[in-house]
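Worksheet: one structure, shown below.
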Amino acid sequence: MSSELKTNKISPATGTTTTLGDSGDTFDIPSGATLDVTGATVTGLSAGKVLQVQSTLTLNPGSNLTTTSSSYVAMGSDYEVAITPAATSSKVLIQFYVPAHYADTQGIFTIYRDIGGAGYSEITTGAKGVHQSQSSNYQMVSVAYLDSPSTTSACTYKLYWKVAVGSSLTAASNAAHVSLALEVGA
């Protein structure tokens with residue numbers, strides 16, 4: 001059975017709060033309808049909002065980061081960022097920006113995560129990474145991943161890299177090294 005109520009305004013009989021329905025009830029807003037909250041303060045709404053941002057920024061670190069390893073190795077503290085999600089339903093968007101220099105080399109990047117000190121594991125397993133093979137080229141490499149850690153424990157993310165072809169990879173010392181973690185509410 002359905003009923004329809006048509007009115008221009010609902011106000012509380014006493015106090016300043018009006019409750020719609022009971023716990024567990026759902027109120028649908030049909031497609032094409034507008035919920036206008038202009039000038040209002042909306043609280044308790046967490047869907048799709050950035051809840052917090054954590055970052056590691058190193059400006060002109062003074063010396064290059066370099067690897068000759070053909071196995072994944074951590075890039076160091078410039079490429080590490082920690083965040084503690086507020087809810088288990090939150091997602092975490094991880095972004096790393098590397099001012100990379102290659103000389104006839106191919107490099108691959110991947111992301112590792114530690115939850116609550118339990119140890120690091122690769123979370124971008126199976127990803128192809130980022131490849132670059134131009135001679136003596138500088139470029140800003142962006143590595144991003146949307147994680148669902150399902151925890152409210154501290155999560156630490158580290159960027160790892162390895163040489164796929166050639167002899168060495170370098171993160172330049174004359175540019176910013178950036179690591180970002182953004183918690184997005186479910």
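Naming scheme: A, B, ... for chains in displayed order of the structure tokens; residues 1 onward per chain; ligands 1 onward as shown.
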Please provide the set of residues having any atom within 8 Å of Val163 in chain A, restricted to only C-alpha atoms, with same-chain residues fewer than 4 positions apart removed, written as JSON, numbers by chain.
{"A": [67, 68, 69, 70, 71, 105, 106, 107, 108, 167, 168, 169]}
Residue selection dump (N, CA, C and O atoms) as a PDB file, in the first residue's frame:
```pdb
ATOM      1  N   THR A  67      68.665   3.147  -8.712  1.00  0.00           N
ATOM      2  CA  THR A  67      68.703   1.697  -8.507  1.00  0.00           C
ATOM      3  C   THR A  67      69.273   1.011  -9.738  1.00  0.00           C
ATOM      4  O   THR A  67      69.102   1.500 -10.858  1.00  0.00           O
ATOM      5  N   THR A  68      69.953  -0.087  -9.489  1.00  0.00           N
ATOM      6  CA  THR A  68      70.441  -0.959 -10.555  1.00  0.00           C
ATOM      7  C   THR A  68      69.823  -2.352 -10.409  1.00  0.00           C
ATOM      8  O   THR A  68      70.167  -3.268 -11.135  1.00  0.00           O
ATOM      9  N   SER A  69      68.879  -2.487  -9.459  1.00  0.00           N
ATOM     10  CA  SER A  69      68.302  -3.785  -9.127  1.00  0.00           C
ATOM     11  C   SER A  69      67.321  -4.263 -10.195  1.00  0.00           C
ATOM     12  O   SER A  69      66.509  -3.490 -10.698  1.00  0.00           O
ATOM     13  N   SER A  70      67.375  -5.557 -10.491  1.00  0.00           N
ATOM     14  CA  SER A  70      66.398  -6.153 -11.404  1.00  0.00           C
ATOM     15  C   SER A  70      65.247  -6.799 -10.621  1.00  0.00           C
ATOM     16  O   SER A  70      64.345  -7.382 -11.210  1.00  0.00           O
ATOM     17  N   SER A  71      65.280  -6.680  -9.276  1.00  0.00           N
ATOM     18  CA  SER A  71      64.180  -7.096  -8.396  1.00  0.00           C
ATOM     19  C   SER A  71      63.626  -5.842  -7.734  1.00  0.00           C
ATOM     20  O   SER A  71      64.346  -4.857  -7.550  1.00  0.00           O
ATOM     21  N   THR A 105      66.856   2.668 -20.872  1.00  0.00           N
ATOM     22  CA  THR A 105      66.479   1.734 -19.817  1.00  0.00           C
ATOM     23  C   THR A 105      64.968   1.626 -19.750  1.00  0.00           C
ATOM     24  O   THR A 105      64.257   2.573 -20.084  1.00  0.00           O
ATOM     25  N   GLN A 106      64.478   0.482 -19.309  1.00  0.00           N
ATOM     26  CA  GLN A 106      63.064   0.328 -19.000  1.00  0.00           C
ATOM     27  C   GLN A 106      62.944   0.070 -17.512  1.00  0.00           C
ATOM     28  O   GLN A 106      63.630  -0.800 -16.964  1.00  0.00           O
ATOM     29  N   GLY A 107      62.079   0.837 -16.851  1.00  0.00           N
ATOM     30  CA  GLY A 107      61.849   0.673 -15.426  1.00  0.00           C
ATOM     31  C   GLY A 107      60.413   0.303 -15.147  1.00  0.00           C
ATOM     32  O   GLY A 107      59.509   0.646 -15.921  1.00  0.00           O
ATOM     33  N   ILE A 108      60.193  -0.400 -14.040  1.00  0.00           N
ATOM     34  CA  ILE A 108      58.842  -0.795 -13.642  1.00  0.00           C
ATOM     35  C   ILE A 108      58.633  -0.382 -12.191  1.00  0.00           C
ATOM     36  O   ILE A 108      59.511  -0.554 -11.339  1.00  0.00           O
ATOM     37  N   SER A 167      70.606  -0.645 -17.365  1.00  0.00           N
ATOM     38  CA  SER A 167      71.499  -0.725 -16.211  1.00  0.00           C
ATOM     39  C   SER A 167      71.029   0.011 -14.967  1.00  0.00           C
ATOM     40  O   SER A 167      71.298  -0.435 -13.860  1.00  0.00           O
ATOM     41  N   SER A 168      70.335   1.164 -15.083  1.00  0.00           N
ATOM     42  CA  SER A 168      69.955   1.902 -13.877  1.00  0.00           C
ATOM     43  C   SER A 168      68.766   2.818 -14.121  1.00  0.00           C
ATOM     44  O   SER A 168      68.488   3.222 -15.246  1.00  0.00           O
ATOM     45  N   LEU A 169      68.090   3.148 -13.018  1.00  0.00           N
ATOM     46  CA  LEU A 169      66.980   4.099 -13.016  1.00  0.00           C
ATOM     47  C   LEU A 169      67.320   5.194 -12.016  1.00  0.00           C
ATOM     48  O   LEU A 169      67.933   4.924 -10.982  1.00  0.00           O
TER      49      LEU A 169
END
```
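Nearest to Val53 in chain A of all the residues A:Leu93, A:Ala175, A:Ala118, A:Val143 is A:Leu93, counting only C-alpha atoms.
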Who sits within 10 Å of range 150-159 of chain A, only C-alpha atoms, same chain under 6 positions skipped, as an mmCIF file with N, CA, C and O atoms, in the first residue's frame:
```cif
data_model
loop_
_atom_site.group_PDB
_atom_site.id
_atom_site.type_symbol
_atom_site.label_atom_id
_atom_site.label_comp_id
_atom_site.auth_asym_id
_atom_site.auth_seq_id
_atom_site.Cartn_x
_atom_site.Cartn_y
_atom_site.Cartn_z
ATOM 1 N N TYR A 72 62.346 -5.881 -7.347
ATOM 2 C CA TYR A 72 61.753 -4.704 -6.727
ATOM 3 C C TYR A 72 62.468 -4.319 -5.433
ATOM 4 O O TYR A 72 62.725 -5.170 -4.581
ATOM 5 N N VAL A 73 62.776 -3.007 -5.309
ATOM 6 C CA VAL A 73 63.349 -2.447 -4.083
ATOM 7 C C VAL A 73 62.596 -1.162 -3.755
ATOM 8 O O VAL A 73 62.112 -0.463 -4.645
ATOM 9 N N ALA A 74 62.467 -0.869 -2.453
ATOM 10 C CA ALA A 74 61.780 0.346 -2.019
ATOM 11 C C ALA A 74 62.566 1.573 -2.458
ATOM 12 O O ALA A 74 63.804 1.572 -2.439
ATOM 13 N N MET A 75 61.859 2.622 -2.827
ATOM 14 C CA MET A 75 62.500 3.849 -3.282
ATOM 15 C C MET A 75 62.950 4.735 -2.122
ATOM 16 O O MET A 75 63.618 5.727 -2.352
ATOM 17 N N GLY A 76 62.565 4.415 -0.898
ATOM 18 C CA GLY A 76 62.996 5.209 0.251
ATOM 19 C C GLY A 76 61.887 6.075 0.812
ATOM 20 O O GLY A 76 60.750 6.083 0.317
ATOM 21 N N SER A 77 62.213 6.829 1.851
ATOM 22 C CA SER A 77 61.210 7.594 2.604
ATOM 23 C C SER A 77 60.533 8.687 1.788
ATOM 24 O O SER A 77 59.427 9.117 2.132
ATOM 25 N N ASP A 78 61.147 9.160 0.709
ATOM 26 C CA ASP A 78 60.488 10.147 -0.163
ATOM 27 C C ASP A 78 59.225 9.568 -0.783
ATOM 28 O O ASP A 78 58.311 10.300 -1.141
ATOM 29 N N TYR A 79 59.192 8.239 -0.938
ATOM 30 C CA TYR A 79 58.070 7.568 -1.592
ATOM 31 C C TYR A 79 57.386 6.600 -0.636
ATOM 32 O O TYR A 79 57.179 5.431 -0.926
ATOM 33 N N GLU A 80 57.030 7.140 0.514
ATOM 34 C CA GLU A 80 56.315 6.396 1.550
ATOM 35 C C GLU A 80 55.297 7.339 2.168
ATOM 36 O O GLU A 80 55.599 8.483 2.467
ATOM 37 N N VAL A 81 54.071 6.854 2.366
ATOM 38 C CA VAL A 81 53.021 7.677 2.969
ATOM 39 C C VAL A 81 52.118 6.778 3.805
ATOM 40 O O VAL A 81 51.831 5.650 3.427
ATOM 41 N N ALA A 82 51.717 7.287 4.982
ATOM 42 C CA ALA A 82 50.869 6.521 5.902
ATOM 43 C C ALA A 82 49.537 7.226 6.100
ATOM 44 O O ALA A 82 49.460 8.457 6.096
ATOM 45 N N ILE A 83 48.491 6.427 6.279
ATOM 46 C CA ILE A 83 47.150 6.950 6.529
ATOM 47 C C ILE A 83 46.396 5.943 7.387
ATOM 48 O O ILE A 83 46.599 4.738 7.257
ATOM 49 N N THR A 84 45.552 6.436 8.287
ATOM 50 C CA THR A 84 44.716 5.568 9.116
ATOM 51 C C THR A 84 43.259 5.834 8.740
ATOM 52 O O THR A 84 42.701 6.878 9.089
ATOM 53 N N PRO A 85 42.643 4.919 7.985
ATOM 54 C CA PRO A 85 41.258 5.130 7.552
ATOM 55 C C PRO A 85 40.291 5.254 8.739
ATOM 56 O O PRO A 85 40.461 4.592 9.764
ATOM 57 N N ALA A 86 39.284 6.101 8.581
ATOM 58 C CA ALA A 86 38.284 6.317 9.623
ATOM 59 C C ALA A 86 37.224 5.217 9.641
ATOM 60 O O ALA A 86 36.566 5.011 10.652
ATOM 61 N N ALA A 87 37.074 4.513 8.525
ATOM 62 C CA ALA A 87 36.045 3.462 8.434
ATOM 63 C C ALA A 87 36.555 2.307 7.578
ATOM 64 O O ALA A 87 37.348 2.515 6.658
ATOM 65 N N THR A 88 36.094 1.113 7.876
ATOM 66 C CA THR A 88 36.509 -0.056 7.093
ATOM 67 C C THR A 88 35.953 -0.015 5.670
ATOM 68 O O THR A 88 36.489 -0.675 4.782
ATOM 69 N N SER A 89 34.908 0.772 5.445
ATOM 70 C CA SER A 89 34.318 0.871 4.108
ATOM 71 C C SER A 89 35.028 1.895 3.216
ATOM 72 O O SER A 89 34.735 1.985 2.030
ATOM 73 N N SER A 90 35.967 2.639 3.779
ATOM 74 C CA SER A 90 36.678 3.668 3.004
ATOM 75 C C SER A 90 37.607 3.059 1.968
ATOM 76 O O SER A 90 38.123 1.959 2.141
ATOM 77 N N LYS A 91 37.820 3.813 0.904
ATOM 78 C CA LYS A 91 38.843 3.476 -0.084
ATOM 79 C C LYS A 91 39.992 4.461 0.107
ATOM 80 O O LYS A 91 39.802 5.546 0.655
ATOM 81 N N VAL A 92 41.179 4.078 -0.332
ATOM 82 C CA VAL A 92 42.341 4.956 -0.235
ATOM 83 C C VAL A 92 42.945 5.091 -1.627
ATOM 84 O O VAL A 92 43.327 4.092 -2.241
ATOM 85 N N ILE A 94 45.983 6.174 -3.694
ATOM 86 C CA ILE A 94 47.417 6.361 -3.528
ATOM 87 C C ILE A 94 47.970 6.938 -4.820
ATOM 88 O O ILE A 94 47.661 6.444 -5.911
ATOM 89 N N GLN A 95 48.805 7.987 -4.695
ATOM 90 C CA GLN A 95 49.437 8.588 -5.864
ATOM 91 C C GLN A 95 50.897 8.887 -5.546
ATOM 92 O O GLN A 95 51.206 9.438 -4.484
ATOM 93 N N PHE A 96 51.774 8.530 -6.467
ATOM 94 C CA PHE A 96 53.196 8.845 -6.361
ATOM 95 C C PHE A 96 53.605 9.575 -7.637
ATOM 96 O O PHE A 96 53.174 9.212 -8.732
ATOM 97 N N TYR A 97 54.471 10.593 -7.495
ATOM 98 C CA TYR A 97 54.995 11.333 -8.636
ATOM 99 C C TYR A 97 56.516 11.293 -8.552
ATOM 100 O O TYR A 97 57.103 11.729 -7.563
ATOM 101 N N VAL A 98 57.136 10.756 -9.602
ATOM 102 C CA VAL A 98 58.581 10.534 -9.623
ATOM 103 C C VAL A 98 59.192 11.297 -10.802
ATOM 104 O O VAL A 98 58.829 11.039 -11.955
ATOM 105 N N PHE A 109 57.460 0.185 -11.895
ATOM 106 C CA PHE A 109 57.094 0.622 -10.548
ATOM 107 C C PHE A 109 55.924 -0.221 -10.043
ATOM 108 O O PHE A 109 55.071 -0.642 -10.825
ATOM 109 N N THR A 110 55.844 -0.415 -8.740
ATOM 110 C CA THR A 110 54.712 -1.101 -8.121
ATOM 111 C C THR A 110 54.539 -0.563 -6.699
ATOM 112 O O THR A 110 55.443 0.082 -6.153
ATOM 113 N N ILE A 111 53.383 -0.831 -6.093
ATOM 114 C CA ILE A 111 53.075 -0.311 -4.755
ATOM 115 C C ILE A 111 52.942 -1.468 -3.772
ATOM 116 O O ILE A 111 52.287 -2.470 -4.058
ATOM 117 N N TYR A 112 53.559 -1.276 -2.605
ATOM 118 C CA TYR A 112 53.455 -2.233 -1.500
ATOM 119 C C TYR A 112 52.713 -1.553 -0.353
ATOM 120 O O TYR A 112 52.811 -0.328 -0.179
ATOM 121 N N ARG A 113 51.986 -2.361 0.443
ATOM 122 C CA ARG A 113 51.212 -1.832 1.572
ATOM 123 C C ARG A 113 51.487 -2.664 2.824
ATOM 124 O O ARG A 113 51.599 -3.884 2.770
ATOM 125 N N ASP A 114 51.562 -1.951 3.966
ATOM 126 C CA ASP A 114 51.631 -2.581 5.284
ATOM 127 C C ASP A 114 50.412 -2.123 6.075
ATOM 128 O O ASP A 114 50.094 -0.937 6.089
ATOM 129 N N ILE A 115 49.719 -3.070 6.734
ATOM 130 C CA ILE A 115 48.580 -2.722 7.588
ATOM 131 C C ILE A 115 48.950 -3.055 9.025
ATOM 132 O O ILE A 115 49.218 -4.216 9.349
ATOM 133 N N GLY A 116 49.000 -2.037 9.868
ATOM 134 C CA GLY A 116 49.210 -2.221 11.300
ATOM 135 C C GLY A 116 50.520 -2.898 11.688
ATOM 136 O O GLY A 116 50.583 -3.568 12.703
ATOM 137 N N GLY A 117 51.544 -2.763 10.857
ATOM 138 C CA GLY A 117 52.839 -3.350 11.186
ATOM 139 C C GLY A 117 52.966 -4.831 10.879
ATOM 140 O O GLY A 117 53.907 -5.481 11.314
ATOM 141 N N ALA A 118 52.034 -5.387 10.113
ATOM 142 C CA ALA A 118 52.038 -6.827 9.812
ATOM 143 C C ALA A 118 53.021 -7.215 8.712
ATOM 144 O O ALA A 118 53.233 -8.393 8.478
ATOM 145 N N GLY A 119 53.605 -6.247 8.030
ATOM 146 C CA GLY A 119 54.559 -6.535 6.960
ATOM 147 C C GLY A 119 54.047 -6.065 5.612
ATOM 148 O O GLY A 119 52.840 -5.968 5.392
ATOM 149 N N TYR A 120 54.966 -5.779 4.721
ATOM 150 C CA TYR A 120 54.626 -5.247 3.403
ATOM 151 C C TYR A 120 54.314 -6.359 2.416
ATOM 152 O O TYR A 120 54.975 -7.396 2.410
ATOM 153 N N SER A 121 53.295 -6.092 1.569
ATOM 154 C CA SER A 121 52.985 -6.995 0.462
ATOM 155 C C SER A 121 52.590 -6.151 -0.742
ATOM 156 O O SER A 121 52.043 -5.050 -0.604
ATOM 157 N N GLU A 122 52.860 -6.675 -1.914
ATOM 158 C CA GLU A 122 52.567 -5.961 -3.147
ATOM 159 C C GLU A 122 51.059 -5.943 -3.384
ATOM 160 O O GLU A 122 50.412 -6.988 -3.303
ATOM 161 N N ILE A 123 50.503 -4.768 -3.641
ATOM 162 C CA ILE A 123 49.058 -4.666 -3.887
ATOM 163 C C ILE A 123 48.734 -4.427 -5.351
ATOM 164 O O ILE A 123 47.574 -4.494 -5.736
ATOM 165 N N VAL A 143 52.184 7.255 -10.648
ATOM 166 C CA VAL A 143 51.723 5.901 -10.341
ATOM 167 C C VAL A 143 50.551 6.051 -9.366
ATOM 168 O O VAL A 143 50.697 6.671 -8.314
ATOM 169 N N SER A 179 54.323 11.922 -2.588
ATOM 170 C CA SER A 179 53.505 10.751 -2.242
ATOM 171 C C SER A 179 52.224 11.240 -1.591
ATOM 172 O O SER A 179 52.273 12.050 -0.662
ATOM 173 N N LEU A 180 51.073 10.760 -2.076
ATOM 174 C CA LEU A 180 49.768 11.180 -1.550
ATOM 175 C C LEU A 180 48.897 9.982 -1.223
ATOM 176 O O LEU A 180 48.903 8.988 -1.939
ATOM 177 N N ALA A 181 48.131 10.095 -0.129
ATOM 178 C CA ALA A 181 47.115 9.121 0.223
ATOM 179 C C ALA A 181 45.843 9.882 0.558
ATOM 180 O O ALA A 181 45.853 10.741 1.455
#
```
